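Notes follow once the structure below has been shown.
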Amino acid sequence: MSTTYLKNRFLLQFPSFIAKRIRHNEAGSFSATVSRIGVASIAISVAVGIIAFAVLLGFKQTIQQKIFLFGAHINVNAFSQGNTYEEGPLPLKNPVSDILPALPEVKRWQAVAHKSGILKTPEEIKGVILKGVGKDYDWDTFKQNLVEGKLITRSDSSSIKYGYSSQILISRKIASQMRLKTGDDVIMYSLQNPPRPRKLTIAGIYETEMEEFDNNLILGDIGLVQRLNGWGADSVGTYEIYLKDFRDLDAVTGKLRRELPPGLYLQKVTSLFPQIFDWLILLDRNTAVFLTLILFVACFNMISILLVMIMERTPLIGLLKTLGSPNRQIRMVFFQVGLDLVRRGLVIGNVGGLLLCWLQYQFKLIPLDPVNYYMDTVPIVFDWGIFAMVNLVTVVITALILLIPTLIITRIQPIKALLFKK
């Protein structure tokens, strides 16, 4: 090996060697205490970041799943006058059904129809909205909200009357208010002139914990709504469109508006439930501000800690300068000491944050009030990409911040440093 190669290798490994010696000699010194504080601050920042994003994503995913259970990403129906719950007939074969297969962003779509009505028992009455669904309805997604009974089926001939099923699904809240249970019969009067009563059987009870749905929405056969409205089997009320990626909502909405004829009305789910989506946006902002403050405190602590370590080793800095070490090399020594603190903090923070998330995910330790939060426990979503981003941002920002206190090394004079007393 040439002398130049050995020299360059020594210059590269020298900062790591000195940094390692500093870390080993920390025990019992004041800098050891502040080092632990630095590791703890980084660990807390990372753990809080992981927990915050896991909870935030859990909130968003849970609430969106509940909304999308009854409110599609995009609704398309015909213009109608009067009662907003009454829809104009939309042919099953129409421009919408021709356009949707050509849109790669669209995951699926289904035809439904709505009808206003009143449920009546001998003791109680309640206004409801009957949502009629067909064979294309996504029952697999709905199953997770079914708490009693079974889904609507057309296989049982005893439940079929006049070509449609008489079975319905009601919410637990409606069942409690009306004192109903699965298997009971109830009379529904449709809001039209003259009212048309129908005897319906409760097949199951669902619960979403969202008042927008649980207060008045019931599910039934689309054939029942078609019969009540005097429509044929080839007429529906609304096309519900679901996208592969919710982030494509505005782009797909724009495409559909340009393609659809004037007689059709298009509405995004964010317009149907603006208060909920505004709340989710507010959660994003609050989380960003909270994490920024936590990271700011951690970086400030790292600056203070590194300054303490530099001041405690001022004689060492003077000796290194006397032996000919350049400022850049000495700064790299303390920079690596700081990065080691960050590394240890990342390990502890990731383990602690993920462990707490796992405990909440498995055992539901922290409950919530469903009236205010639409769920009964704090939700957790493990998004490893987001967790990796939290670690990367922490490393990058703290690494840049660590360069600031090392600048003081350039102002230390070797003679004064050798005579420096702690």
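Scheme for the structure tokens: letters A, B, ... for chains in order shown; per-chain residue numbers from 1; ligand numbers from 1 in order shown.
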* To do: Using DSSP on the backbone coordinates, identify the residues of range 115-331 of chain A assigned to alpha helix (DSSP H); present them as a PyMOL selection string.
  => chain A and resi 139-142+172-178+211-214+222-229+249-259+269-272+274-312+314-322+327-331
* Structure fact -> note - CA of Ile412 in chain A and CA of Ile317 in chain A are separated by 7.9 Å
* From a DSSP pass on the backbone, collect the residues of range 221-383 of chain A flagged as strand (DSSP E or B) and hand them back as JSON, numbers by chain. => {"A": [221, 235, 236, 238, 239, 240, 241, 242, 243, 264, 265, 266, 267, 268, 367, 377]}
With N, CA and C atoms retained, export the selected residues as a PDB file, in the first residue's frame.
```pdb
ATOM      1  N   ASP A 221     -84.391  -3.874  -0.317  1.00  0.00           N
ATOM      2  CA  ASP A 221     -84.270  -4.305  -1.708  1.00  0.00           C
ATOM      3  C   ASP A 221     -84.604  -3.145  -2.641  1.00  0.00           C
ATOM      4  N   SER A 235     -84.911   0.947 -14.044  1.00  0.00           N
ATOM      5  CA  SER A 235     -84.729   2.317 -13.546  1.00  0.00           C
ATOM      6  C   SER A 235     -84.135   2.278 -12.147  1.00  0.00           C
ATOM      7  N   VAL A 236     -83.196   3.197 -11.889  1.00  0.00           N
ATOM      8  CA  VAL A 236     -82.561   3.305 -10.573  1.00  0.00           C
ATOM      9  C   VAL A 236     -82.556   4.768 -10.156  1.00  0.00           C
ATOM     10  N   THR A 238     -79.706   6.312  -8.161  1.00  0.00           N
ATOM     11  CA  THR A 238     -78.359   6.886  -8.062  1.00  0.00           C
ATOM     12  C   THR A 238     -77.327   5.861  -8.496  1.00  0.00           C
ATOM     13  N   TYR A 239     -76.284   6.352  -9.141  1.00  0.00           N
ATOM     14  CA  TYR A 239     -75.095   5.539  -9.388  1.00  0.00           C
ATOM     15  C   TYR A 239     -74.057   5.926  -8.342  1.00  0.00           C
ATOM     16  N   GLU A 240     -73.606   4.957  -7.555  1.00  0.00           N
ATOM     17  CA  GLU A 240     -72.548   5.180  -6.569  1.00  0.00           C
ATOM     18  C   GLU A 240     -71.236   4.676  -7.146  1.00  0.00           C
ATOM     19  N   ILE A 241     -70.252   5.575  -7.212  1.00  0.00           N
ATOM     20  CA  ILE A 241     -68.980   5.266  -7.867  1.00  0.00           C
ATOM     21  C   ILE A 241     -67.865   5.272  -6.817  1.00  0.00           C
ATOM     22  N   TYR A 242     -67.068   4.210  -6.809  1.00  0.00           N
ATOM     23  CA  TYR A 242     -65.937   4.095  -5.888  1.00  0.00           C
ATOM     24  C   TYR A 242     -64.640   4.072  -6.686  1.00  0.00           C
ATOM     25  N   LEU A 243     -63.650   4.795  -6.190  1.00  0.00           N
ATOM     26  CA  LEU A 243     -62.369   4.929  -6.878  1.00  0.00           C
ATOM     27  C   LEU A 243     -61.323   4.010  -6.263  1.00  0.00           C
ATOM     28  N   LEU A 264     -77.911  15.178 -15.758  1.00  0.00           N
ATOM     29  CA  LEU A 264     -77.430  14.384 -14.635  1.00  0.00           C
ATOM     30  C   LEU A 264     -76.687  15.257 -13.628  1.00  0.00           C
ATOM     31  N   TYR A 265     -76.841  14.928 -12.367  1.00  0.00           N
ATOM     32  CA  TYR A 265     -76.254  15.700 -11.277  1.00  0.00           C
ATOM     33  C   TYR A 265     -75.169  14.866 -10.610  1.00  0.00           C
ATOM     34  N   LEU A 266     -73.997  15.444 -10.430  1.00  0.00           N
ATOM     35  CA  LEU A 266     -72.851  14.751  -9.852  1.00  0.00           C
ATOM     36  C   LEU A 266     -72.469  15.414  -8.540  1.00  0.00           C
ATOM     37  N   GLN A 267     -72.216  14.600  -7.521  1.00  0.00           N
ATOM     38  CA  GLN A 267     -71.867  15.144  -6.202  1.00  0.00           C
ATOM     39  C   GLN A 267     -70.767  14.308  -5.557  1.00  0.00           C
ATOM     40  N   LYS A 268     -69.739  15.003  -5.047  1.00  0.00           N
ATOM     41  CA  LYS A 268     -68.636  14.327  -4.361  1.00  0.00           C
ATOM     42  C   LYS A 268     -69.008  14.077  -2.901  1.00  0.00           C
ATOM     43  N   PRO A 367     -60.193   3.958  25.401  1.00  0.00           N
ATOM     44  CA  PRO A 367     -61.546   4.060  24.814  1.00  0.00           C
ATOM     45  C   PRO A 367     -61.858   5.483  24.364  1.00  0.00           C
ATOM     46  N   THR A 377     -62.940   3.253  20.334  1.00  0.00           N
ATOM     47  CA  THR A 377     -61.563   3.096  20.802  1.00  0.00           C
ATOM     48  C   THR A 377     -60.616   3.807  19.845  1.00  0.00           C
TER      49      THR A 377
END
```
* Using only C-alpha atoms, determine which residues lie at most 10 Å from Asp369 in chain A, disregarding the query and same-chain residues fewer than 6 positions distant; provide the list as number ranges by chain. => A: 209, 375-378
Those residues you just picked out, can you put them in a file as a PDB file, in the first residue's frame with C-alpha atoms?
```pdb
ATOM      1  CA  GLU A 209     -71.618   4.956  15.375  1.00  0.00           C
ATOM      2  CA  MET A 375     -65.690   5.082  17.209  1.00  0.00           C
ATOM      3  CA  ASP A 376     -65.360   3.471  20.629  1.00  0.00           C
ATOM      4  CA  THR A 377     -61.563   3.096  20.802  1.00  0.00           C
ATOM      5  CA  VAL A 378     -58.450   4.834  19.488  1.00  0.00           C
TER       6      VAL A 378
END
```
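By chain and then residue number, the residues within 9 Å of Leu407 in chain A are Asn327, Arg331, Leu403, Ile404, Thr410 and Arg411 of chain A, counting only C-alpha atoms and disregarding those fewer than 3 positions away in sequence.
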Residue selection dump (C-alpha atoms) as a PDB file, in the first residue's frame:
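In the end it all went to selection08.pdb:
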```pdb
ATOM      1  CA  ASN A 327     -11.099  22.375  12.286  1.00  0.00           C
ATOM      2  CA  ARG A 331     -15.916  19.159  13.953  1.00  0.00           C
ATOM      3  CA  LEU A 403     -23.487  21.174  12.414  1.00  0.00           C
ATOM      4  CA  ILE A 404     -24.379  24.440  14.158  1.00  0.00           C
ATOM      5  CA  THR A 410     -13.306  27.062  14.830  1.00  0.00           C
ATOM      6  CA  ARG A 411     -13.167  29.853  17.433  1.00  0.00           C
TER       7      ARG A 411
END
```
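In terms of minimum interatomic distance to Phe14 in chain A, A:Arg328 ranks closest within A:His73, A:Arg343, A:Arg328, A:Lys93, counting only C-alpha atoms.
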* In Å, rounded to a single decimal, give me how far CA of Gln61 in chain A is from CA of Pro101 in chain A. => 26.6 Å
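Nearest residue to Phe79 in chain A among A:Gly263, A:Leu402, A:Val395, A:Lys150 is A:Gly263, counting only C-alpha atoms.
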